[in-house]
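The data block below is run.cif; it holds mmCIF, C-alpha atoms.
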```cif
data_model
#
loop_
_atom_site.label_atom_id
_atom_site.label_comp_id
_atom_site.auth_asym_id
_atom_site.auth_seq_id
_atom_site.Cartn_x
_atom_site.Cartn_y
_atom_site.Cartn_z
CA MET A 11 -6.49 -45.30 -87.98
CA ASN A 12 -4.73 -44.14 -84.82
CA THR A 13 -7.98 -42.76 -83.46
CA ARG A 14 -9.66 -46.15 -83.98
CA LYS A 15 -6.81 -47.88 -82.18
CA LEU A 16 -7.02 -45.44 -79.29
CA ALA A 17 -10.78 -45.87 -79.07
CA LEU A 18 -10.35 -49.66 -79.00
CA LEU A 19 -7.72 -49.41 -76.28
CA PHE A 20 -10.01 -47.16 -74.24
CA LEU A 21 -12.91 -49.60 -74.58
CA LEU A 22 -10.75 -52.56 -73.57
CA GLY A 23 -9.36 -50.59 -70.65
CA SER A 24 -12.84 -49.66 -69.46
CA ALA A 25 -13.95 -53.27 -69.62
CA PHE A 26 -11.07 -54.56 -67.51
CA ALA A 27 -10.64 -51.64 -65.10
CA PRO A 28 -13.36 -52.60 -62.56
CA ILE A 29 -12.11 -56.14 -62.07
CA SER A 30 -8.48 -55.08 -61.89
CA GLN A 31 -9.46 -52.90 -58.90
CA ALA A 32 -11.15 -55.83 -57.23
CA GLN A 33 -9.29 -57.52 -54.44
CA ILE A 34 -9.30 -58.96 -50.96
CA LYS A 35 -8.83 -56.10 -48.51
CA HIS A 36 -8.68 -57.82 -45.16
CA ILE A 37 -9.04 -61.20 -43.50
CA GLU A 38 -9.90 -61.68 -39.85
CA MET A 39 -9.89 -64.98 -38.00
CA ARG A 40 -11.01 -66.01 -34.56
CA VAL A 41 -8.94 -68.93 -33.38
CA GLU A 42 -9.03 -71.42 -30.52
CA GLY A 43 -6.20 -73.22 -28.79
CA MET A 44 -3.63 -70.48 -29.28
CA THR A 45 -0.96 -70.28 -26.58
CA MET B 18 1.49 -69.38 -36.20
CA LYS B 19 2.25 -65.73 -36.99
CA GLN B 20 5.45 -66.71 -38.79
CA HIS B 21 3.69 -69.57 -40.55
CA LEU B 22 0.97 -67.25 -41.83
CA GLY B 23 3.44 -64.54 -42.75
CA ARG B 24 5.19 -66.97 -45.09
CA GLN B 25 2.03 -67.61 -47.12
CA SER B 26 1.91 -65.99 -50.54
CA GLY B 27 0.12 -62.67 -50.75
CA VAL B 28 0.40 -61.92 -47.03
CA GLN B 29 1.75 -58.49 -46.15
CA SER B 30 1.31 -58.52 -42.38
CA VAL B 31 -0.21 -60.61 -39.60
CA ASP B 32 -1.42 -59.26 -36.26
CA VAL B 33 -2.24 -61.70 -33.50
CA SER B 34 -4.13 -60.82 -30.34
CA LEU B 35 -3.63 -63.50 -27.69
CA ILE B 36 -6.23 -61.92 -25.41
CA ASP B 37 -9.26 -62.33 -27.67
CA GLY B 38 -7.85 -64.96 -30.05
CA LYS B 39 -8.07 -62.67 -33.05
CA VAL B 40 -5.79 -62.91 -36.07
CA ASP B 41 -5.77 -60.06 -38.60
CA VAL B 42 -4.21 -60.68 -41.98
CA THR B 43 -3.48 -57.79 -44.32
CA PRO B 44 -2.93 -58.88 -47.92
CA LYS B 45 -0.30 -57.35 -50.16
CA GLU B 46 -1.27 -54.41 -52.38
CA ASP B 47 -2.45 -56.62 -55.26
CA GLY B 48 -4.85 -58.49 -52.95
CA GLN B 49 -3.82 -61.86 -54.38
CA ILE B 50 -4.25 -64.10 -51.37
CA ASP B 51 -5.90 -67.48 -50.91
CA PRO B 52 -8.08 -67.67 -47.75
CA ALA B 53 -8.31 -71.48 -48.02
CA GLN B 54 -4.52 -71.65 -47.92
CA LEU B 55 -4.48 -69.41 -44.82
CA LEU B 56 -7.06 -71.60 -43.13
CA LYS B 57 -4.94 -74.68 -43.83
CA ALA B 58 -1.80 -72.89 -42.60
CA VAL B 59 -3.48 -72.09 -39.27
CA TYR B 60 -4.66 -75.68 -38.85
CA ASP B 61 -1.17 -76.92 -39.75
CA SER B 62 0.27 -74.82 -36.94
CA GLY B 63 -1.97 -76.69 -34.47
CA VAL B 64 -4.60 -73.99 -33.91
CA THR B 65 -8.32 -74.35 -34.62
CA VAL B 66 -10.06 -71.64 -36.63
CA ALA B 67 -13.47 -70.86 -35.14
CA GLU B 68 -14.40 -68.22 -37.69
CA MET B 69 -12.93 -66.47 -40.71
CA ASP B 70 -14.28 -63.15 -41.98
CA LEU B 71 -13.22 -61.44 -45.15
CA THR B 72 -13.57 -57.96 -46.61
CA ALA B 73 -13.25 -57.93 -50.37
CA ARG B 74 -14.00 -55.77 -53.35
CA GLY B 75 -15.27 -57.36 -56.53
CA LYS B 76 -18.03 -58.00 -58.99
CA ILE B 77 -21.15 -60.08 -58.46
CA VAL B 78 -21.40 -62.86 -61.01
CA LYS B 79 -24.09 -65.46 -61.62
CA ASP B 80 -23.41 -68.88 -63.09
CA ALA B 81 -25.62 -70.94 -65.38
CA ALA B 82 -27.14 -72.76 -62.38
CA GLY B 83 -28.24 -69.43 -60.88
CA ASN B 84 -25.65 -69.39 -58.09
CA PHE B 85 -24.05 -66.09 -57.17
CA ALA B 86 -20.37 -65.44 -56.52
CA LEU B 87 -18.10 -62.53 -55.68
CA GLN B 88 -15.35 -62.35 -58.25
CA VAL B 89 -12.31 -60.64 -56.75
CA SER B 90 -9.91 -61.34 -59.60
CA PRO B 91 -10.17 -63.00 -63.03
CA ASN B 92 -9.19 -66.34 -61.48
CA GLN B 93 -10.56 -66.05 -57.95
CA SER B 94 -14.18 -65.98 -56.84
CA PHE B 95 -16.19 -66.98 -53.77
CA ALA B 96 -19.59 -68.63 -53.93
CA ILE B 97 -22.12 -66.56 -51.98
CA ALA B 98 -24.42 -68.28 -49.48
CA HIS B 99 -28.09 -67.34 -49.56
CA ASN B 100 -29.33 -64.77 -47.07
CA ASP B 101 -31.30 -61.53 -47.10
CA LEU B 102 -28.25 -59.42 -47.88
CA LEU B 103 -27.60 -61.40 -51.05
CA LYS B 104 -30.90 -59.97 -52.38
CA THR B 105 -29.45 -56.45 -52.15
CA VAL B 106 -26.59 -57.30 -54.50
CA GLU B 107 -28.39 -59.76 -56.80
CA PRO B 108 -29.46 -56.99 -59.23
CA LEU B 109 -25.76 -56.16 -59.76
CA ALA B 110 -24.99 -59.64 -61.11
CA ASP B 111 -22.98 -59.63 -64.32
CA SER B 112 -22.93 -55.82 -64.44
CA SER B 113 -19.79 -53.70 -64.25
CA ALA B 114 -20.68 -52.56 -60.71
CA VAL B 115 -18.05 -53.20 -58.06
CA VAL B 116 -19.07 -53.86 -54.46
CA THR B 117 -17.17 -54.06 -51.21
CA ILE B 118 -18.48 -56.86 -49.05
CA ARG B 119 -17.68 -58.03 -45.55
CA GLY B 120 -18.66 -61.61 -45.06
CA GLU B 121 -18.13 -64.78 -43.15
CA LEU B 122 -16.13 -67.27 -45.17
CA TYR B 123 -15.81 -70.04 -42.63
CA ARG B 124 -17.29 -70.99 -39.29
CA LYS B 125 -16.38 -74.06 -37.30
CA PRO B 126 -19.47 -76.25 -37.05
CA ALA B 127 -20.92 -76.70 -33.57
CA GLY B 128 -20.08 -79.91 -31.78
CA LYS B 129 -16.97 -82.01 -31.69
CA LYS B 130 -17.21 -83.25 -35.24
CA LYS B 131 -13.86 -82.96 -36.96
CA THR B 132 -14.10 -80.92 -40.14
CA SER B 133 -11.77 -80.53 -43.04
CA ALA B 134 -10.09 -77.18 -43.52
CA SER B 135 -10.05 -77.87 -47.24
CA ALA B 136 -13.86 -77.84 -47.58
CA PRO B 137 -15.11 -75.32 -50.18
CA LEU B 138 -15.51 -71.87 -48.66
CA LYS B 139 -18.81 -70.04 -49.05
CA LEU B 140 -19.23 -66.35 -48.39
CA LEU B 141 -22.12 -65.39 -46.11
CA ILE B 142 -22.63 -61.65 -46.58
CA LEU B 143 -22.60 -59.74 -43.28
CA GLU B 144 -22.41 -56.23 -44.68
CA VAL B 145 -22.44 -54.54 -48.07
CA GLN B 146 -20.08 -51.66 -47.49
CA LYS B 147 -20.00 -49.97 -50.85
CA LYS B 148 -21.57 -50.18 -54.29
CA GLU B 149 -19.75 -48.46 -57.15
#
```
The structure in this file should be written as structure tokens.
Amino acid sequence: MNTRKLALLFLLGSAFAPISQAQIKHIEMRVEGMT
Amino acid sequence: MKQHLGRQSGVQSVDVSLIDGKVDVTPKEDGQIDPAQLLKAVYDSGVTVAEMDLTARGKIVKDAAGNFALQVSPNQSFAIAHNDLLKTVEPLADSSAVVTIRGELYRKPAGKKKTSASAPLKLLILEVQKKE
């Protein structure tokens, strides 16, 4: 039973891991009219 | 403007170069930042954004209409504009592959026409930095 639960947790973790690592790294803007 | 941007949620640091009119925004560790909100914040501080580029890591997704998007978090994605570089990531759509993309999210249209900063942002891929 515990093994099945662990396997399920592993599968769920694998499914969500890639998107949880996704993110915005950097934003760069070129602006006009800045003083 | 620097203070105004620094107060936006998800912003860790802001670097402004007065010489070349460049503004660099580094998001916090979790990367939860809204570029449209930043664009609006810059406009609100009386400065015009000529161009906004973004580097982001995420998954390529395809909707029912066949449009592609870069999903950077479960509730944030950017529609991808069509160009040749899109073709290089199209095969990764709806797979578990994660890509790092540098792209242009906004460019001020030529001419004097006033544009809204709240218009939907579309990502034009400039460089595919990494496929995992």
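You can rank B:Ile118, B:Leu55, B:Val89, B:Ala81 by their closest distance to chain A using only C-alpha atoms, and at the top of that list sits B:Val89.
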Which residues of chain B have any atom within 6 Å of an atom in chain A when counting only C-alpha atoms, and what is the closest pair of atoms for each, with the distance in Å to one decimal? Order the rows by chain and rising number and write it as a Markdown table.
```
| residue | atom | partner | partner_atom | distance |
| --- | --- | --- | --- | --- |
| B:Gly38 | CA | A:Val41 | CA | 5.3 |
| B:Lys39 | CA | A:Arg40 | CA | 4.7 |
| B:Val40 | CA | A:Met39 | CA | 5.0 |
| B:Asp41 | CA | A:Glu38 | CA | 4.6 |
| B:Val42 | CA | A:Ile37 | CA | 5.1 |
| B:Thr43 | CA | A:His36 | CA | 5.3 |
| B:Gly48 | CA | A:Gln33 | CA | 4.8 |
| B:Val64 | CA | A:Gly43 | CA | 5.4 |
| B:Thr65 | CA | A:Glu42 | CA | 5.1 |
| B:Val66 | CA | A:Val41 | CA | 4.4 |
| B:Ala67 | CA | A:Val41 | CA | 5.2 |
| B:Glu68 | CA | A:Arg40 | CA | 5.1 |
| B:Met69 | CA | A:Met39 | CA | 4.3 |
| B:Asp70 | CA | A:Glu38 | CA | 5.1 |
| B:Leu71 | CA | A:Ile37 | CA | 4.5 |
| B:Thr72 | CA | A:His36 | CA | 5.1 |
| B:Ala73 | CA | A:Ile34 | CA | 4.1 |
| B:Arg74 | CA | A:Ala32 | CA | 4.8 |
| B:Gly75 | CA | A:Ala32 | CA | 4.5 |
| B:Val89 | CA | A:Gln33 | CA | 4.9 |
```
If you count all atoms listed in the file, which residues fall within 10 Å of Ala110 (chain B), apart from same-chain ones fewer than 6 positions away, as a ChimeraX atom specification?
-> /B:76-80,85-87
Minimum-distance residue to Val106 (chain B), chosen among B:His21, B:Arg119, B:Lys139, B:Lys148 (using all atoms listed in the file) |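 Using all atoms listed in the file, Val106 (chain B) sits closest to B:Lys148.
The space between CA of Phe95 (chain B) and CA of Gln29 (chain B) spans 21.3 Å.
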Just say which residues the PyMOL selection byres ((chain B and resi 28) around 7) picks in this file, as a PyMOL selection string.
-> chain B and resi 23+25-27+29-30+42-45+50
Quick one: axis-aligned box around all listed atoms of region 27-45 of chain B, 5 Å on every side, centre and edge lengths in Å to one decimal, written as JSON.
```
{"center_x": -3.8, "center_y": -61.2, "center_z": -38.1, "size_x": 21.0, "size_y": 17.6, "size_z": 35.3}
```
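Coordinates place CA of Ala53 (chain B) at a distance of 14.4 Å from CA of Asn92 (chain B).
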Computed interatomic separation between CA of Leu141 (chain B) and CA of Leu103 (chain B) (Å) =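 Result for CA of Leu141 (chain B) versus CA of Leu103 (chain B): 8.4 Å, one decimal.
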Return the single residue from B:Pro126, B:Pro137, B:Gly83, B:Pro52 that is closest to Asp111 (chain B), with distances computed using all atoms listed in the file.
->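 Of all the options, B:Gly83 lies closest to Asp111 (chain B).
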